[in-house]
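Data block below; observations after.
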Amino acid sequence: MRKHKSIFEIVAKFNTEERCIKHLERIRWPRGLRCIRCKSKQVMTFHAEGKTGKDRHLYECIECRYQYSVTAGTIFHDSHLSLWKWFMTTALLCEAKKGISACQIQRTIGVSYKTAWYLCHRIRKAMQEVAPEPLGGTVEIDETYVGGKKRRWRPSSDKKVVIGIRQRNGDLRLIHARDAKSNTVRRIIEANLGSHVEVIMTDESAIYPFALNKMQSQKHRTINHTRQYAHGDVHTNTVESAFSLLKRGIVGTWHKVDAKHLPAYLDEMCFRFNNRKNPYLFRDTIIKLIASENLEYKDLTAKQEEPAA
């Protein structure tokens with residue numbers, strides 16, 4: 001598949017339902033149509049009128065007589081939205097460096113705000129990395145705080161802690177933490193760093209000497225930000241640049257992010273950042289959408305839970 005160079009090309013290529021269906025066919029069954037129940041290759045296609053009066057593109061297995069659509073068993077299945085709107089929103093989320101708001105999606109594809117908000121969160125769910133590889137090499141670790149500005153009627157701020165870990169010339173991890181205490185940071189470091197770490201860069205915060213184990217402490221290098229931002233190769237500028245991108249997204253795009261949904265926005269930012277040089281980002285995101293489990297609206301709006309770390 002040829003890479004897409006711009007969002008205009010994506011819009012021109014997938015501007016009809018039929019084109020989107022054909023694209024999903026090529027992704028799901030690259031070696032030809034198969035029955036999703038018995039895996040038979042004896043499949044025929046036909047069109048039928050749906051409940052809403054729209055023409056539906058369906059498949060029927062000649063051997064087991066099972067009927068299904070190209071979206072069956074995928075995140076698109078229970079959606080009443082047209083596929084081209086899914087594709088358009090996915091392309092916009094992939095292209096927007098600092099993210100895109102649900103209000104902008106609402107205006108762009110012509111849906112309600114509730115639909116746009118739910119759609120964006122389902123795509124973010126698919127962007128979540130499952131069992132990512134541990135980071136190694138030279139790693140930078142830092143913490144930042146988002147949201148919860150002090151007000152006269154709110155004496156204490158309610159800022160949320162985000163721990164950032166970035167491998168130089170590698171991937172980024174942004175983790176919503178319960179607090180910035182050494183025990184919490186230790187669990188996050190152990191979950192994201194591998195044994196092949198060569199150097200760990202942090203600032204001179206007091207939490208890191210207690211958060212690192214004995215082996216990691218021998219590889220620990222610090223920079224005093226009260227005096228300088230870098231001393232040769234010792235700095236945390238690369239992870240701080242990711243923090244800057246995240247905060248510009250919160251302040252300038254999303255404006256306000258609820259603590260419950262903060263991990264989803266962090267996953268979106270990391271996925272887009274880690275794939276910034278991927279020429280097939282749109283295609284790969286569609287593949288993740290097909291493989292992703294559906295996110296129910298009732299689960300999305302359920303009572304808030306505490307962060308795991």
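Going by the structure tokens order, chains are called A, B, ..., each with residues numbered from 1, while ligands are numbered from 1 in the order shown.
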
Listing only residues of region 228-309 of chain A within 7 Å of region 120-131 of chain A, what is the closest atom pair and its distance in Å (to one decimal) for each, using only C-alpha atoms, sorted by chain and residue number ascending, as a Markdown table?
```
| residue | atom | partner | partner_atom | distance |
| --- | --- | --- | --- | --- |
| A:Ala264 | CA | A:Arg124 | CA | 6.1 |
| A:Asp267 | CA | A:Gln128 | CA | 5.4 |
| A:Glu268 | CA | A:Arg124 | CA | 5.5 |
| A:Phe271 | CA | A:Met127 | CA | 6.1 |
| A:Lys288 | CA | A:Ala126 | CA | 5.7 |
| A:Leu289 | CA | A:Ala126 | CA | 5.4 |
| A:Ser292 | CA | A:Ala126 | CA | 5.4 |
| A:Leu295 | CA | A:Arg122 | CA | 5.9 |
```

Using N, CA and C atoms, can you export the residues from the last selection as a short mmCIF file (atom, residue, chain, number, x, y, z; two decimals), in the first residue's frame?
```
data_model
loop_
_atom_site.label_atom_id
_atom_site.label_comp_id
_atom_site.auth_asym_id
_atom_site.auth_seq_id
_atom_site.Cartn_x
_atom_site.Cartn_y
_atom_site.Cartn_z
N ALA A 264 -6.19 8.47 28.76
CA ALA A 264 -6.53 8.30 27.34
C ALA A 264 -5.86 9.36 26.49
N ASP A 267 -2.19 8.53 26.26
CA ASP A 267 -1.95 7.44 25.29
C ASP A 267 -1.99 7.98 23.87
N GLU A 268 -2.94 8.86 23.59
CA GLU A 268 -3.02 9.45 22.25
C GLU A 268 -1.76 10.24 21.93
N PHE A 271 1.19 7.81 21.38
CA PHE A 271 1.07 7.06 20.13
C PHE A 271 1.44 7.93 18.94
N LYS A 288 -5.31 -0.95 13.96
CA LYS A 288 -5.51 -1.03 15.41
C LYS A 288 -6.99 -0.88 15.76
N LEU A 289 -7.71 -0.06 15.00
CA LEU A 289 -9.15 0.09 15.24
C LEU A 289 -9.89 -1.23 14.98
N SER A 292 -9.17 -3.55 17.86
CA SER A 292 -9.48 -3.04 19.19
C SER A 292 -10.86 -3.50 19.67
N LEU A 295 -15.40 0.19 23.04
CA LEU A 295 -15.50 0.90 24.31
C LEU A 295 -16.93 1.37 24.47
#
```

- [ ] Extract the full set of alpha helix (DSSP H) residues from region 109-305 of chain A according to DSSP on the backbone, and format it as a PyMOL selection string.
- [x] chain A and resi 109+113-127+182-192+207-211+214-217+237-249+262-274+281-291+297-300

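When the distance limit is 12 Å and only C-alpha atoms are what count, the residues near Ile109 (chain A), minus those fewer than 6 positions from it on the same chain, are Val11, Asn15, Leu81, Ser82, Leu83, Trp84, Lys85, Trp86, Phe87, Met88, Thr89, Thr90, Leu92, Ala102, Cys103, Thr115, Ala116 and Leu119 of chain A.
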
- [ ] Name the residues in contact with Ile27 (chain A) at a cut-off of 12 Å, using only C-alpha atoms, excluding same-chain residues fewer than 6 positions from it; report them as number ranges by chain.
- [x] A: 1, 20-21, 33, 70-71, 283-291

TODO: Name the closest residue to Phe46 (chain A) among the candidates A:Arg31, A:Gln67, A:Asn237, A:Ile223; distances are taken between atoms, counting only C-alpha atoms.
DONE: A:Gln67

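Shortest separation to Glu9 (chain A) among A:Gly99, A:Phe282, A:Gly148, A:Asp258 occurs at residue A:Phe282, atoms counted being only C-alpha atoms.
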
TODO: Based on DSSP run over this structure's backbone, return all residues of region 46-238 of chain A in strand (DSSP E or B), as a PyMOL selection string.
DONE: chain A and resi 46-49+55-61+67-69+135-146+151+154+160-167+172-177+193-203+220-223+230-231+234-235

TODO: Check the smallest atom-to-atom distance from each of A:His231, A:Arg56, A:Lys247, A:His80 to Thr144 (chain A) using only C-alpha atoms, then report the winner.
DONE: A:Lys247

Task: Residues near Val146 (chain A), cut-off 10 Å, only C-alpha atoms, skip fewer than 4 positions along chain, as a list of chain:residue names - done: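 So, after excluding close chain neighbours, the residues are A:Asp158, A:Lys159, A:Lys160, A:Val161, A:Val162, A:Phe243, A:Leu246, A:Lys247, A:Ile250, A:Val251, A:Lys256, A:Val257, A:Ala259, A:Leu262.
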
- [ ] Rounded to one decimal place, report the CA of Val234 (chain A)-CA of Arg221 (chain A) distance in Å.
- [x] 6.8 Å

- [ ] For Ser205 (chain A), work out the shell of residues within 12 Å, counting only C-alpha atoms and skipping chain neighbours fewer than 4 positions away, then give it as a list in words.
- [x]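 Skipping anything fewer than 4 positions along the chain leaves Ile141, Asp142, Glu143, Thr144, Ala180, Lys181, Ser182, Val185, Met201, Pro209, Phe210, Ala211, Arg221, Thr222, Ile223, Asn224, His225 and Thr226 of chain A.
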
Since we have the selection now, will you write its residues out, keeping C-alpha atoms, as a PDB file, in the first residue's frame?
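Output contents, as saved in part-v4.pdb:
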```pdb
ATOM      1  CA  ILE A 141      12.769  10.673  33.523  1.00  0.00           C
ATOM      2  CA  ASP A 142      10.909  13.704  34.842  1.00  0.00           C
ATOM      3  CA  GLU A 143       7.600  14.632  36.412  1.00  0.00           C
ATOM      4  CA  THR A 144       5.142  17.408  35.632  1.00  0.00           C
ATOM      5  CA  ALA A 180       5.041  11.878  42.883  1.00  0.00           C
ATOM      6  CA  LYS A 181       6.340   9.944  45.872  1.00  0.00           C
ATOM      7  CA  SER A 182       9.354   7.685  45.493  1.00  0.00           C
ATOM      8  CA  VAL A 185       7.730   6.471  40.829  1.00  0.00           C
ATOM      9  CA  MET A 201      18.979  11.112  33.333  1.00  0.00           C
ATOM     10  CA  PRO A 209      17.595   8.444  44.525  1.00  0.00           C
ATOM     11  CA  PHE A 210      14.934   6.525  46.479  1.00  0.00           C
ATOM     12  CA  ALA A 211      12.948   5.487  43.381  1.00  0.00           C
ATOM     13  CA  ARG A 221      23.102  11.081  36.187  1.00  0.00           C
ATOM     14  CA  THR A 222      21.537  14.362  37.342  1.00  0.00           C
ATOM     15  CA  ILE A 223      21.372  17.953  36.137  1.00  0.00           C
ATOM     16  CA  ASN A 224      20.897  20.945  38.448  1.00  0.00           C
ATOM     17  CA  HIS A 225      18.251  23.104  36.764  1.00  0.00           C
ATOM     18  CA  THR A 226      18.894  26.024  39.103  1.00  0.00           C
TER      19      THR A 226
END
```

TODO: Tell me, as a PyMOL selection string, which residues lie within 12 Å of Lys13 (chain A), counting only C-alpha atoms; anything in the same chain fewer than 3 positions away does not count.
DONE: chain A and resi 2-10+16-23+84+87-88+91

Open item on the list: When you count only C-alpha atoms, which of these residues is closest to Thr74 (chain A): A:Lys39, A:Asp179, A:Glu293, A:Tyr280?
Closed with: A:Glu293

Open item on the list: From the options A:Gly73, A:Gly137, A:Gly32, A:Gly232, which residue's atoms come nearest to Asn169 (chain A), counting only C-alpha atoms?
Closed with: A:Gly137
